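Undergrad: So I've got this file, input14.csv, and it contains CSV, C-alpha atoms:
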chain,number,residue,atom,x,y,z
A,1,MET,CA,66.3,14.6,-174.5
A,2,LEU,CA,64.4,16.9,-172.3
A,3,ASP,CA,65.2,17.5,-168.6
A,4,LYS,CA,61.5,17.8,-167.7
A,5,THR,CA,60.3,15.9,-164.6
A,6,ARG,CA,56.8,15.5,-163.2
A,7,LYS,CA,55.7,15.0,-159.6
A,8,LEU,CA,53.0,12.7,-158.3
A,9,MET,CA,51.7,12.0,-154.8
A,10,ILE,CA,51.6,8.3,-154.1
A,11,GLY,CA,50.4,7.6,-150.6
A,12,GLU,CA,52.0,10.1,-148.2
A,13,ASN,CA,55.0,10.8,-150.5
A,14,GLU,CA,55.6,12.9,-153.5
A,15,TYR,CA,57.8,11.2,-156.2
A,16,THR,CA,59.5,12.5,-159.2
A,17,PHE,CA,59.1,10.8,-162.6
A,18,LYS,CA,61.0,11.2,-165.9
A,19,MET,CA,61.1,9.0,-169.0
A,20,THR,CA,64.5,8.5,-170.5
A,21,ASN,CA,66.2,6.1,-172.9
A,22,ARG,CA,67.1,4.0,-169.8
A,23,THR,CA,63.4,3.7,-169.0
A,24,ILE,CA,63.0,1.7,-172.3
A,25,LEU,CA,65.8,-0.7,-171.2
A,26,LYS,CA,64.3,-1.1,-167.7
A,27,ILE,CA,60.9,-1.9,-169.2
A,28,ASP,CA,62.4,-4.5,-171.6
A,29,ALA,CA,64.3,-6.1,-168.7
A,30,LYS,CA,61.5,-6.0,-166.2
A,31,TYR,CA,58.4,-6.7,-168.3
A,32,GLY,CA,59.7,-8.3,-171.5
A,33,ASN,CA,59.0,-5.9,-174.3
A,34,TYR,CA,58.9,-2.1,-174.3
A,35,GLY,CA,57.1,-2.1,-177.7
A,36,THR,CA,54.2,-4.2,-176.3
A,37,VAL,CA,53.9,-1.8,-173.3
A,38,LEU,CA,54.0,1.3,-175.5
A,39,GLN,CA,51.5,-0.3,-178.0
A,40,GLY,CA,49.2,-1.1,-175.2
A,41,ILE,CA,49.3,2.5,-174.0
A,42,MET,CA,48.8,4.0,-177.5
A,43,GLU,CA,46.1,1.6,-178.6
A,44,GLY,CA,44.3,1.2,-175.2
A,45,LYS,CA,45.1,-2.5,-174.8
A,46,GLU,CA,45.4,-3.3,-171.1
A,47,PHE,CA,45.9,0.4,-170.8
A,48,ILE,CA,46.1,0.7,-167.0
A,49,THR,CA,48.4,-2.3,-166.7
A,50,ASN,CA,50.8,-0.9,-169.4
A,51,ALA,CA,50.6,2.6,-168.0
A,52,LEU,CA,51.6,1.4,-164.6
A,53,LYS,CA,54.4,-0.7,-166.1
A,54,LEU,CA,55.8,2.5,-167.7
A,55,LEU,CA,55.3,4.6,-164.6
A,56,SER,CA,57.0,2.0,-162.4
A,57,CYS,CA,60.2,2.4,-164.5
A,58,CYS,CA,60.1,6.2,-164.6
A,59,CYS,CA,60.4,7.0,-160.9
A,60,LEU,CA,63.7,8.6,-159.9
A,61,GLU,CA,63.5,7.9,-156.2
A,62,LYS,CA,62.2,4.4,-156.0
A,63,GLU,CA,61.7,1.4,-158.2
A,64,PHE,CA,58.1,0.4,-158.0
A,65,GLY,CA,56.4,-2.8,-159.3
A,66,TYR,CA,53.2,-2.2,-161.1
A,67,GLU,CA,51.3,-4.3,-158.6
A,68,GLU,CA,52.7,-2.1,-155.8
A,69,LEU,CA,51.5,1.0,-157.6
A,70,THR,CA,48.1,-0.6,-158.0
A,71,ASP,CA,47.9,-1.0,-154.2
A,72,LEU,CA,49.3,2.5,-153.4
A,73,LEU,CA,47.3,4.7,-155.9
A,74,THR,CA,43.9,6.0,-154.9
A,75,PRO,CA,40.8,4.9,-156.9
A,76,ARG,CA,40.6,8.5,-158.1
A,77,GLN,CA,44.1,8.4,-159.5
A,78,LEU,CA,43.7,5.1,-161.1
A,79,ASN,CA,40.1,5.3,-162.5
A,80,ASN,CA,39.5,9.0,-163.2
A,81,GLY,CA,42.2,9.5,-165.8
A,82,GLU,CA,44.9,11.0,-163.6
A,83,ILE,CA,47.3,8.2,-164.2
A,84,ALA,CA,46.4,8.0,-167.9
A,85,THR,CA,47.1,11.7,-168.4
A,86,PHE,CA,50.2,11.6,-166.2
A,87,VAL,CA,51.8,8.7,-168.2
A,88,THR,CA,50.8,10.2,-171.5
A,89,ASN,CA,52.5,13.4,-170.6
A,90,LEU,CA,55.6,11.6,-169.4
A,91,TYR,CA,55.8,9.9,-172.9
A,92,PHE,CA,55.1,13.2,-174.7
A,93,ASP,CA,57.8,14.9,-172.6
A,94,TYR,CA,60.2,12.2,-173.6
A,95,ILE,CA,59.5,12.5,-177.4
A,96,GLY,CA,59.4,16.3,-177.2
A,97,ILE,CA,55.7,17.0,-177.9
A,98,ASN,CA,55.2,18.8,-174.6
A,99,ASP,CA,58.3,21.1,-175.1
A,100,THR,CA,56.7,24.5,-175.2
A,101,LYS,CA,60.0,26.1,-176.3
A,102,ASP,CA,60.2,23.9,-179.4
A,103,ASN,CA,56.5,24.5,-180.1
A,104,LYS,CA,57.0,28.3,-180.0
A,105,GLU,CA,60.0,28.1,-182.3
A,106,THR,CA,58.0,25.9,-184.7
A,107,ASN,CA,55.0,28.2,-184.7
A,108,LYS,CA,57.3,31.2,-185.2
A,109,SER,CA,59.1,29.6,-188.2
A,110,LYS,CA,55.7,28.7,-189.7
A,111,THR,CA,54.5,32.2,-189.3
A,112,GLU,CA,57.7,33.7,-190.9
A,113,LYS,CA,57.3,31.3,-193.9
A,114,ASN,CA,53.8,32.5,-194.6
Could you show the structure in this file as structure tokens?
TA:
Amino acid sequence: MLDKTRKLMIGENEYTFKMTNRTILKIDAKYGNYGTVLQGIMEGKEFITNALKLLSCCCLEKEFGYEELTDLLTPRQLNNGEIATFVTNLYFDYIGINDTKDNKETNKSKTEKN
């Protein structure tokens, strides 16, 4: 699992976010089913609601509710793709897609094989 965290301004405060295995358990306990939340993010079903549910369980400093995040985020953050990109990158960090070290090593090994 990666140690990468991401920062986001919410209101007047900057918060740190990281998706971990525990995030999945929090989403299950708080919202009923992690698989449904992830499916909604990946397939665009109730995307903003599901993205905020995931985000609410990734904050390291504070446990947000998705309704609270809805009230605190700016229209620009919520509607112009900032949250969509942020949540997608949190998930990609978690599964290792955004790990540049792994990508460099993979590209290097592919080049050596050719």
Undergrad: For the atom pair atom CA of Lys7 of chain A and atom CA of Cys59 of chain A, what is the interatomic distance in Å to one decimal place?
TA: 9.4 Å
Undergrad: Suppose you want the space between atom CA of Cys57 of chain A and atom CA of Lys26 of chain A; what is it in Å?
TA: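 Going from atom CA of Cys57 of chain A over to atom CA of Lys26 of chain A covers 6.3 Å.
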Undergrad: Kindly extract all protein, DNA and RNA residues lying within 10 Å of the coordinates (46.4, -0.6, -167.0) given in the file, considering only C-alpha atoms, and supply them as a PyMOL selection string.
TA: chain A and resi 37+40-41+44-54+66+70+78-79+83-84
Undergrad: Counting only C-alpha atoms, which residues of segment 35-79 of chain A fall within 9 Å of segment 10-14 of chain A, and what is the closest atom pair for each with its distance in Å at one decimal, ordered by chain and rising number, as a tab-separated table?
TA:
residue	atom	partner	partner_atom	distance
A:Leu69	CA	A:Ile10	CA	8.1
A:Leu72	CA	A:Gly11	CA	5.9
A:Leu73	CA	A:Ile10	CA	5.9
A:Thr74	CA	A:Gly11	CA	8.0
Undergrad: Between atom CA of Glu61 of chain A and atom CA of Lys18 of chain A, what is the spacing in Å?
TA: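 Here the two named atoms are 10.5 Å from each other.
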Undergrad: Write out as a PyMOL selection string each polymer residue whose atoms come within 9 Å of Asn21 of chain A, counting all atoms listed in the file; drop sequence neighbours fewer than 2 positions from it.
TA: chain A and resi 1+19+23-25+94
Undergrad: Got a sec to check which residues sit within 6 Å of (60.1, 13.5, -159.4), counting all atoms listed in the file, and write them as an MDAnalysis selection string?
TA: chainID A and resid 5:7 15:17
Undergrad: Using only C-alpha atoms, can you tell me which of A:Glu63, A:Glu43, A:Thr20, A:Gly32 comes closest to Tyr91 of chain A?
TA: A:Thr20
